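Listing of target.txt; format and content: compact mmCIF, C-alpha atoms.
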# COMPACT_ATOMS: atom_id res chain seq x y z
CA LEU J 1 -39.25 0.20 -41.23
CA PHE J 2 -39.30 1.14 -37.54
CA ILE J 3 -38.41 4.78 -36.86
CA PRO J 4 -37.63 5.67 -33.22
CA GLU J 5 -39.94 8.28 -31.72
CA THR J 6 -37.08 10.77 -31.37
CA TRP J 7 -36.56 10.59 -35.14
CA ASN J 8 -40.18 11.18 -36.17
CA ASN J 9 -39.41 14.59 -37.62
CA ILE J 10 -36.31 13.48 -39.51
CA ALA J 11 -36.55 12.22 -43.08
CA VAL J 12 -35.26 8.67 -43.30
CA ASN J 13 -32.66 9.58 -45.93
CA GLU J 14 -31.57 12.85 -44.30
CA LEU J 15 -28.21 13.01 -42.53
CA LYS J 16 -28.33 15.25 -39.46
CA SER J 17 -24.62 15.33 -38.54
CA ASP J 18 -21.70 17.14 -40.12
CA ILE J 19 -19.20 15.68 -37.64
CA TRP J 20 -18.53 11.96 -37.40
CA VAL J 21 -16.44 10.00 -34.94
CA ASN J 22 -15.28 6.96 -36.86
CA GLU J 23 -14.44 4.27 -34.35
CA TYR J 24 -12.51 1.33 -35.73
CA ILE J 25 -14.08 -1.65 -33.97
CA THR J 26 -11.64 -4.01 -35.71
CA PRO J 27 -9.05 -3.23 -38.40
CA CYS J 28 -11.83 -3.99 -40.93
CA ASN J 29 -14.97 -2.54 -39.25
CA ILE J 30 -16.00 1.02 -38.46
CA TYR J 31 -18.84 2.38 -36.34
CA SER J 32 -19.56 5.98 -37.40
CA HIS J 33 -21.15 8.01 -34.61
CA GLY J 34 -22.95 11.13 -35.83
CA ILE J 35 -22.03 14.12 -33.65
CA THR J 36 -24.11 17.28 -33.32
CA ASN J 37 -21.90 19.13 -30.83
CA ILE J 38 -18.47 18.93 -29.22
CA PHE J 39 -18.60 20.15 -25.62
CA THR J 40 -14.89 19.83 -24.90
CA TYR J 41 -11.70 18.36 -26.29
CA LYS J 42 -8.32 17.94 -24.67
CA LYS J 43 -5.20 15.90 -25.16
CA THR J 44 -4.49 15.17 -21.52
CA GLN J 45 -1.28 13.84 -20.03
CA TYR J 46 -2.59 10.30 -20.54
CA GLN J 47 -5.09 10.22 -23.40
CA GLU J 48 -7.12 12.12 -25.96
CA MET J 49 -10.54 13.13 -24.67
CA TYR J 50 -13.76 14.30 -26.30
CA ILE J 51 -17.14 14.90 -24.71
CA VAL J 52 -19.71 15.13 -27.48
CA GLU J 53 -23.42 15.18 -28.24
CA THR J 54 -24.66 12.42 -30.52
CA GLY J 55 -27.68 12.61 -32.76
CA ALA J 56 -29.31 9.44 -31.42
CA TYR J 57 -27.87 8.52 -28.00
CA GLY J 58 -27.21 11.76 -26.15
CA LYS J 59 -23.92 12.86 -24.62
CA ALA J 60 -20.83 10.67 -24.77
CA LEU J 61 -17.27 10.41 -23.50
CA VAL J 62 -14.66 9.31 -26.05
CA LEU J 63 -11.09 8.42 -24.99
CA ASP J 64 -8.28 7.58 -27.39
CA GLY J 65 -10.84 7.25 -30.15
CA LYS J 66 -12.86 4.63 -28.24
CA TRP J 67 -16.45 5.16 -27.14
CA GLN J 68 -16.57 4.99 -23.33
CA SER J 69 -20.23 5.56 -22.47
CA CYS J 70 -23.21 7.51 -23.66
CA THR J 71 -26.19 8.88 -21.75
CA GLY J 72 -28.66 7.07 -23.99
CA ASP J 73 -27.47 3.53 -23.24
CA GLU J 74 -24.87 3.75 -20.45
CA PHE J 75 -27.17 1.91 -18.04
CA LEU J 76 -26.66 -1.22 -20.16
CA TYR J 77 -22.99 -1.04 -19.17
CA HIS J 78 -22.90 0.52 -15.72
CA GLU J 79 -25.63 -1.53 -14.05
CA PRO J 80 -23.97 -4.84 -15.07
CA MET J 81 -20.58 -3.38 -14.14
CA VAL J 82 -21.66 -2.84 -10.54
CA HIS J 83 -24.60 -4.87 -9.34
CA PRO J 84 -23.61 -8.52 -9.95
CA ALA J 85 -20.65 -8.15 -7.56
CA MET J 86 -22.81 -6.31 -5.03
CA VAL J 87 -25.51 -8.98 -5.20
CA ALA J 88 -22.94 -11.77 -4.92
CA HIS J 89 -21.52 -10.20 -1.76
CA GLY J 90 -24.92 -9.38 -0.30
CA ASN J 91 -23.81 -6.73 2.22
CA PRO J 92 -21.05 -4.60 0.61
CA LYS J 93 -19.75 -1.80 2.80
CA LYS J 94 -16.31 -0.85 1.43
CA LEU J 95 -15.97 -0.35 -2.31
CA LEU J 96 -12.96 0.40 -4.49
CA ILE J 97 -13.47 1.61 -8.06
CA LEU J 98 -10.47 1.59 -10.38
CA GLY J 99 -11.16 4.06 -13.19
CA GLY J 100 -14.73 5.28 -13.59
CA GLY J 101 -14.14 8.82 -14.87
CA GLU J 102 -17.77 9.64 -15.72
CA GLY J 103 -18.91 8.85 -12.18
CA ALA J 104 -21.70 6.54 -13.37
CA THR J 105 -20.16 3.46 -11.75
CA LEU J 106 -19.89 5.44 -8.52
CA ARG J 107 -23.54 6.45 -8.93
CA GLU J 108 -24.61 2.81 -9.14
CA VAL J 109 -22.46 1.82 -6.14
CA LEU J 110 -24.09 4.51 -4.03
CA ARG J 111 -27.56 3.11 -4.74
CA TRP J 112 -26.67 0.50 -2.12
CA THR J 113 -27.67 1.65 1.34
CA THR J 114 -25.21 -0.84 2.84
CA VAL J 115 -22.25 1.11 1.40
CA GLU J 116 -20.36 3.11 4.00
CA ARG J 117 -17.32 4.10 1.92
CA ALA J 118 -16.68 4.23 -1.81
CA VAL J 119 -13.21 5.10 -3.07
CA MET J 120 -12.80 5.93 -6.75
CA ILE J 121 -9.29 6.24 -8.13
CA ASP J 122 -8.76 7.58 -11.63
CA ILE J 123 -5.44 8.56 -13.12
CA ASP J 124 -6.76 11.38 -15.30
CA GLY J 125 -8.05 14.36 -13.36
CA ASP J 126 -8.76 16.27 -16.57
CA VAL J 127 -11.23 13.60 -17.66
CA VAL J 128 -12.92 13.49 -14.25
CA GLU J 129 -13.32 17.26 -14.12
CA ALA J 130 -14.66 17.42 -17.67
CA CYS J 131 -17.21 14.72 -16.81
CA ARG J 132 -18.24 16.50 -13.65
CA GLU J 133 -18.94 19.61 -15.71
CA HIS J 134 -20.42 18.19 -18.90
CA LEU J 135 -21.97 14.83 -17.88
CA PRO J 136 -24.11 15.50 -14.80
CA GLU J 137 -26.69 13.07 -16.23
CA MET J 138 -24.19 10.29 -15.59
CA HIS J 139 -22.70 11.06 -12.18
CA GLN J 140 -25.90 12.59 -10.74
CA ASN J 141 -23.84 14.33 -8.02
CA ALA J 142 -22.28 11.07 -6.85
CA PHE J 143 -18.97 12.87 -6.36
CA ASP J 144 -20.60 15.01 -3.65
CA ASP J 145 -21.97 12.08 -1.64
CA PRO J 146 -20.36 12.01 1.84
CA ARG J 147 -19.50 8.33 1.35
CA THR J 148 -17.37 9.15 -1.72
CA GLU J 149 -13.60 9.52 -1.66
CA LEU J 150 -12.18 10.58 -5.02
CA ILE J 151 -8.46 10.04 -5.60
CA ILE J 152 -6.73 11.33 -8.71
CA GLY J 153 -3.82 8.94 -8.94
CA ASP J 154 -2.33 5.78 -10.33
CA ALA J 155 -4.42 2.66 -9.67
CA LEU J 156 -1.26 0.55 -10.08
CA GLU J 157 0.43 2.38 -7.23
CA PHE J 158 -2.72 2.37 -5.08
CA VAL J 159 -3.22 -1.39 -5.39
CA ASP J 160 0.46 -1.96 -4.71
CA THR J 161 0.59 0.11 -1.53
CA THR J 162 -2.81 -0.06 0.19
CA SER J 163 -3.20 -2.39 3.15
CA GLU J 164 -6.98 -2.03 3.39
CA LEU J 165 -9.34 -4.87 2.54
CA TRP J 166 -12.31 -4.22 0.24
CA ASP J 167 -15.66 -5.97 -0.03
CA VAL J 168 -15.96 -5.26 -3.75
CA ILE J 169 -13.41 -4.00 -6.28
CA LEU J 170 -14.65 -2.77 -9.66
CA TYR J 171 -12.38 -2.58 -12.71
CA ASP J 172 -14.12 0.22 -14.63
CA LEU J 173 -11.00 0.93 -16.64
CA SER J 174 -10.55 2.04 -20.22
CA ASP J 175 -9.79 -0.77 -22.64
CA PRO J 176 -6.27 -2.21 -22.38
CA ILE J 177 -4.89 -0.39 -25.43
CA GLU J 178 -1.12 -0.79 -25.34
CA GLU J 179 -0.49 2.96 -25.63
CA GLY J 180 -3.18 3.72 -23.02
CA PRO J 181 -2.91 4.11 -19.23
CA SER J 182 -4.49 0.86 -18.02
CA PHE J 183 -3.28 -2.21 -19.93
CA GLN J 184 -0.89 -3.38 -17.17
CA LEU J 185 -3.82 -3.71 -14.74
CA PHE J 186 -5.22 -6.60 -16.82
CA THR J 187 -2.32 -8.95 -16.07
CA GLN J 188 -1.81 -11.91 -13.75
CA GLU J 189 0.64 -9.98 -11.56
CA LEU J 190 -1.84 -7.17 -10.95
CA PHE J 191 -4.77 -9.50 -10.34
CA GLN J 192 -2.64 -11.23 -7.69
CA LYS J 193 -2.18 -7.87 -5.97
CA VAL J 194 -5.90 -7.17 -6.23
CA LYS J 195 -6.66 -10.52 -4.63
CA ARG J 196 -4.41 -9.55 -1.71
CA ILE J 197 -6.60 -6.53 -0.91
CA LEU J 198 -9.97 -8.27 -1.32
CA ALA J 199 -11.72 -9.31 1.88
CA PRO J 200 -11.99 -13.11 2.24
CA ASP J 201 -15.61 -12.92 1.06
CA GLY J 202 -14.89 -10.14 -1.43
CA TYR J 203 -15.67 -9.92 -5.15
CA LEU J 204 -13.86 -8.44 -8.13
CA ALA J 205 -15.77 -7.33 -11.25
CA VAL J 206 -13.80 -6.61 -14.43
CA GLN J 207 -15.05 -5.01 -17.62
CA SER J 208 -13.56 -7.41 -20.13
CA GLY J 209 -14.24 -6.18 -23.62
CA PRO J 210 -16.41 -7.18 -26.58
CA VAL J 211 -17.49 -10.76 -27.20
CA SER J 212 -18.58 -10.60 -30.82
CA PRO J 213 -17.10 -13.54 -32.76
CA ALA J 214 -14.23 -11.48 -34.22
CA GLU J 215 -13.20 -10.03 -30.86
CA LEU J 216 -13.90 -12.52 -28.08
CA HIS J 217 -10.25 -13.65 -27.69
CA LEU J 218 -9.56 -10.76 -25.27
CA HIS J 219 -12.35 -11.86 -22.96
CA ALA J 220 -11.37 -15.53 -23.13
CA ARG J 221 -7.76 -14.70 -22.23
CA LEU J 222 -8.79 -12.40 -19.39
CA SER J 223 -10.94 -15.23 -18.05
CA SER J 224 -7.97 -17.58 -18.29
CA THR J 225 -5.81 -15.01 -16.50
CA LEU J 226 -8.31 -14.57 -13.68
CA LYS J 227 -8.69 -18.35 -13.30
CA SER J 228 -4.94 -18.52 -12.67
CA VAL J 229 -5.46 -16.29 -9.61
CA PHE J 230 -9.01 -16.81 -8.28
CA GLY J 231 -10.84 -19.98 -7.30
CA SER J 232 -14.18 -18.91 -8.81
CA VAL J 233 -14.64 -17.00 -12.09
CA GLN J 234 -17.93 -16.23 -13.87
CA SER J 235 -18.36 -14.45 -17.22
CA TYR J 236 -21.47 -12.52 -18.23
CA SER J 237 -22.42 -10.04 -20.94
CA SER J 238 -24.74 -7.17 -21.85
CA TYR J 239 -25.42 -5.75 -25.29
CA VAL J 240 -24.53 -2.04 -25.54
CA PRO J 241 -25.66 -0.53 -28.86
CA THR J 242 -23.07 2.25 -29.05
CA TYR J 243 -20.28 -0.30 -28.55
CA ALA J 244 -21.54 -2.16 -31.65
CA ALA J 245 -21.08 -5.46 -29.79
CA PRO J 246 -22.18 -7.49 -26.80
CA TRP J 247 -19.94 -6.32 -23.95
CA SER J 248 -18.54 -8.65 -21.35
CA PHE J 249 -17.67 -8.65 -17.67
CA ILE J 250 -16.01 -11.16 -15.36
CA LEU J 251 -16.83 -11.76 -11.71
CA ALA J 252 -14.05 -13.29 -9.62
CA ALA J 253 -13.85 -14.48 -6.01
CA ALA J 254 -11.83 -16.79 -3.82
CA THR J 255 -14.78 -19.07 -3.06
CA PRO J 256 -17.66 -20.53 -5.13
CA MET J 257 -20.49 -18.20 -6.11
CA ALA J 258 -24.18 -18.89 -5.56
CA ILE J 259 -26.18 -16.65 -7.90
CA SER J 260 -29.15 -18.52 -9.34
CA ASP J 261 -32.44 -17.44 -7.72
CA PRO J 262 -34.03 -14.40 -9.45
CA ASP J 263 -36.59 -13.90 -6.69
CA ALA J 264 -33.93 -13.85 -3.97
CA ILE J 265 -31.92 -11.34 -6.00
CA ASP J 266 -34.96 -9.10 -6.38
CA ARG J 267 -35.64 -9.23 -2.63
CA LEU J 268 -32.02 -8.29 -1.91
CA LEU J 269 -32.17 -5.36 -4.33
CA GLN J 270 -35.46 -4.14 -2.88
CA ALA J 271 -34.11 -4.25 0.66
CA ASN J 272 -30.71 -2.70 0.01
CA THR J 273 -30.91 -0.30 -2.95
CA LYS J 274 -32.67 2.96 -3.73
CA GLY J 275 -33.69 4.53 -7.03
CA ASP J 276 -34.96 2.81 -10.12
CA LEU J 277 -32.73 0.35 -11.95
CA GLN J 278 -33.40 0.44 -15.68
CA MET J 279 -32.24 -2.99 -16.87
CA PHE J 280 -30.99 -4.94 -13.87
CA ASP J 281 -33.00 -7.39 -11.79
CA GLY J 282 -32.86 -11.03 -10.81
CA ILE J 283 -33.97 -12.45 -14.16
CA THR J 284 -31.54 -10.15 -16.01
CA LEU J 285 -28.58 -11.23 -13.89
CA VAL J 286 -29.26 -14.94 -14.27
CA GLY J 287 -29.82 -14.42 -17.99
CA MET J 288 -26.56 -12.50 -18.49
CA MET J 289 -24.63 -15.42 -17.01
CA HIS J 290 -26.09 -17.90 -19.51
CA LEU J 291 -23.61 -17.35 -22.34
CA PRO J 292 -23.93 -18.58 -25.94
CA ALA J 293 -22.19 -21.85 -26.75
CA ASN J 294 -19.51 -20.32 -28.99
CA LEU J 295 -18.36 -18.02 -26.17
CA ARG J 296 -18.46 -20.81 -23.59
CA ARG J 297 -16.26 -22.94 -25.85
CA ALA J 298 -13.80 -20.08 -26.40
CA ILE J 299 -13.48 -19.55 -22.65
CA ALA J 300 -13.13 -23.27 -21.92
CA ASN J 301 -10.45 -23.78 -24.60
CA GLU J 302 -8.33 -20.71 -23.86
CA THR J 303 -5.04 -21.27 -22.02
CA GLN J 304 -3.13 -18.01 -22.57
CA VAL J 305 -2.51 -15.94 -19.45
CA TYR J 306 -1.74 -12.23 -19.67
CA THR J 307 1.41 -11.18 -17.80
CA LEU J 308 3.50 -8.03 -17.57
CA THR J 309 5.89 -9.50 -20.13
CA GLU J 310 2.96 -10.52 -22.39
CA PRO J 311 0.14 -8.06 -21.64
CA PRO J 312 -3.13 -7.71 -23.58
CA LYS J 313 -3.00 -5.73 -26.81
CA PHE J 314 -6.48 -4.40 -27.50
CA PHE J 315 -7.18 -2.85 -30.88
CA GLY J 316 -8.60 0.63 -30.50
CA LYS J 317 -8.58 3.61 -32.79
CA GLY J 318 -10.87 6.43 -33.85
CA VAL J 319 -10.95 9.83 -35.50
CA ALA J 320 -13.34 12.76 -35.77
CA THR J 321 -14.02 14.08 -39.27
CA ILE J 322 -16.00 17.11 -40.46
CA ASN J 323 -17.97 16.72 -43.69

Spit out the file's structure as structure tokens when you get a sec.
Amino acid sequence: LFIPETWNNIAVNELKSDIWVNEYITPCNIYSHGITNIFTYKKTQYQEMYIVETGAYGKALVLDGKWQSCTGDEFLYHEPMVHPAMVAHGNPKKLLILGGGEGATLREVLRWTTVERAVMIDIDGDVVEACREHLPEMHQNAFDDPRTELIIGDALEFVDTTSELWDVILYDLSDPIEEGPSFQLFTQELFQKVKRILAPDGYLAVQSGPVSPAELHLHARLSSTLKSVFGSVQSYSSYVPTYAAPWSFILAAATPMAISDPDAIDRLLQANTKGDLQMFDGITLVGMMHLPANLRRAIANETQVYTLTEPPKFFGKGVATIN
């Protein structure tokens, strides 16, 4: 039995949490997160928010009962969320982040010395402020960078009304739960509007849900939806332990992508980024894009396209209980 170093002083059969966030991964599966502290809780105008301390993975943001990110493994989500699109572009200067409350996606964007302007738009100011206060490990003062422009507002309205063109657009949105604030953004109509505001050589990266066998239909349908709008679409995934599943992303562009040389990717990162990346490099990126056969078949065989009349319906539910 392997016992992590941080658990060396804990008896194997000893529970160290009296509070548990039970996240329903599917209607038949639960991931119970042991909580040692609740920093803040609020039912905002848009969603239910907790920021908590976990026994094993550090601080975490939980929205509408769904685990968003955790300081212990967030790099396994945020680095893949950002850097493939940046690498594909090669010289990104203007960035638009839809969502991104913790500020960790913004942090990763600002690693790139090529970036001149990064606009983050999040609908829930209460969540952003709570993250600024309680999750400095994630944002690392990215909100105070002079290149940052933070907008508390509706991403739907912003995409619909802006006339600017963006080198990279990042969909760091909460899961498309039907009762949540973001599900309409994962539809064909909204992707068409996003394409309108991408520069001709621009890239869109979308967080696209779990790809475990019981859940991969959401990703396959989002891929099908993006293929109905963009000429080039590439799926990739990263395993995030606190999500209890391999997590997926989709890269989309108007023109074919050329991402295949790990050494060239490493040279680009060395020349244009600062700070230490924890999981991302050239070999990692190429590896993430080599998907297992079952997922490739699901993507290839899927024909459903999400629209405003038939949007995605993502299962998501959780509850905190005190023993």

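Comparing J:His290, J:Arg221, J:His83, J:Arg111 by their smallest distance to Tyr236 in chain J, the closest is J:His290 (using only C-alpha atoms).
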
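With CA of Pro136 in chain J on one side and CA of Leu96 in chain J on the other, the separation reads 21.4 Å.
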
Problem - Selected residue of minimal separation from Glu48 in chain J among J:Gly153, J:Pro241, J:Gly282, J:Gly65, counting only C-alpha atoms - result: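 Checking each candidate against Glu48 in chain J, we get J:Gly65 as the closest.
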
Problem - Selected residue of minimal separation from Gln184 in chain J among J:Glu310, J:Glu102, J:Asp73, J:Asp266, counting only C-alpha atoms - result: J:Glu310

Need to verify the contact set: range 32-38 of chain J, 9 Å, all atoms listed in the file, exclusion of same-chain residues closer than 3 positions in sequence. Can you return it as a compact mmCIF listing (two decimals) with C-alpha atoms, in the frame of the given file?
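The result, stored in selection_5.txt:
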# COMPACT_ATOMS: atom_id res chain seq x y z
CA LEU J 15 -28.21 13.01 -42.53
CA LYS J 16 -28.33 15.25 -39.46
CA SER J 17 -24.62 15.33 -38.54
CA ASP J 18 -21.70 17.14 -40.12
CA ILE J 19 -19.20 15.68 -37.64
CA TRP J 20 -18.53 11.96 -37.40
CA VAL J 21 -16.44 10.00 -34.94
CA ASN J 22 -15.28 6.96 -36.86
CA GLU J 23 -14.44 4.27 -34.35
CA TYR J 24 -12.51 1.33 -35.73
CA TYR J 41 -11.70 18.36 -26.29
CA TYR J 50 -13.76 14.30 -26.30
CA ILE J 51 -17.14 14.90 -24.71
CA VAL J 52 -19.71 15.13 -27.48
CA GLU J 53 -23.42 15.18 -28.24
CA THR J 54 -24.66 12.42 -30.52
CA GLY J 55 -27.68 12.61 -32.76
CA ALA J 56 -29.31 9.44 -31.42
CA THR J 242 -23.07 2.25 -29.05

Exercise for the section: Record the distance separating CA of Ala300 in chain J and CA of Pro27 in chain J, expressed in Å with one decimal. Expected result: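 Spanning CA of Ala300 in chain J to CA of Pro27 in chain J is a straight-line distance of 26.3 Å.
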
Using all atoms listed in the file - which residues lie no farther than 9 Å from the point (-38.3, -6.6, -9.3) in the file's frame? Write them as a compact mmCIF listing (two decimals) with C-alpha atoms, keeping the file's coordinate frame.
# COMPACT_ATOMS: atom_id res chain seq x y z
CA PRO J 262 -34.03 -14.40 -9.45
CA ASP J 263 -36.59 -13.90 -6.69
CA ILE J 265 -31.92 -11.34 -6.00
CA ASP J 266 -34.96 -9.10 -6.38
CA ARG J 267 -35.64 -9.23 -2.63
CA LEU J 269 -32.17 -5.36 -4.33
CA GLN J 270 -35.46 -4.14 -2.88
CA PHE J 280 -30.99 -4.94 -13.87
CA ASP J 281 -33.00 -7.39 -11.79
CA GLY J 282 -32.86 -11.03 -10.81
CA ILE J 283 -33.97 -12.45 -14.16

Exercise for the section: Tell me which protein, DNA and RNA residues are within 9 Å of range 129-133 of chain J, counting all atoms listed in the file, leaving out same-chain ones fewer than 5 positions away, and put them as JSON, numbers by chain. Expected result: {"J": [40, 51, 61, 101, 102, 103, 124, 138, 139, 141, 143]}

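Nearest residue to Leu173 in chain J among J:Val233, J:Leu198, J:Ser223, J:Ser69 is J:Ser69, counting all atoms listed in the file.
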
Practice task
For Leu95 in chain J, list every protein, DNA or RNA residue within 8 Å, evaluated using only C-alpha atoms, and leave out those in the same chain fewer than 6 positions away; present the list as a ChimeraX atom specification.
Solution key: /J:109,115,117-119,166-170

Handout entry: CA of Ala155 in chain J to CA of Phe39 in chain J, distance in Å rounded to a single decimal
Key = 27.6 Å

Exercise for the section: Find the residue from J:Gln45, J:Ser208, J:Asn272, J:Ser237 that sits nearest to Asp172 in chain J; use only C-alpha atoms when measuring. Expected result: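 For Asp172 in chain J, the nearest of the candidates is J:Ser208.
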
Handout entry: Exercise: range 256-258 of chain J partners within 8 Å, only C-alpha atoms, chain neighbours under 6 positions left out, as a PyMOL selection string
Key = chain J and resi 88+231-232

Exercise for the section: Using all atoms listed in the file, determine which residues lie at most 12 Å from Phe186 in chain J, disregarding the query and same-chain residues fewer than 6 positions distant; provide the list as number ranges by chain. Expected result: J: 98, 155-156, 171-178, 192-194, 205-209, 218-219, 221-226, 250, 305-314
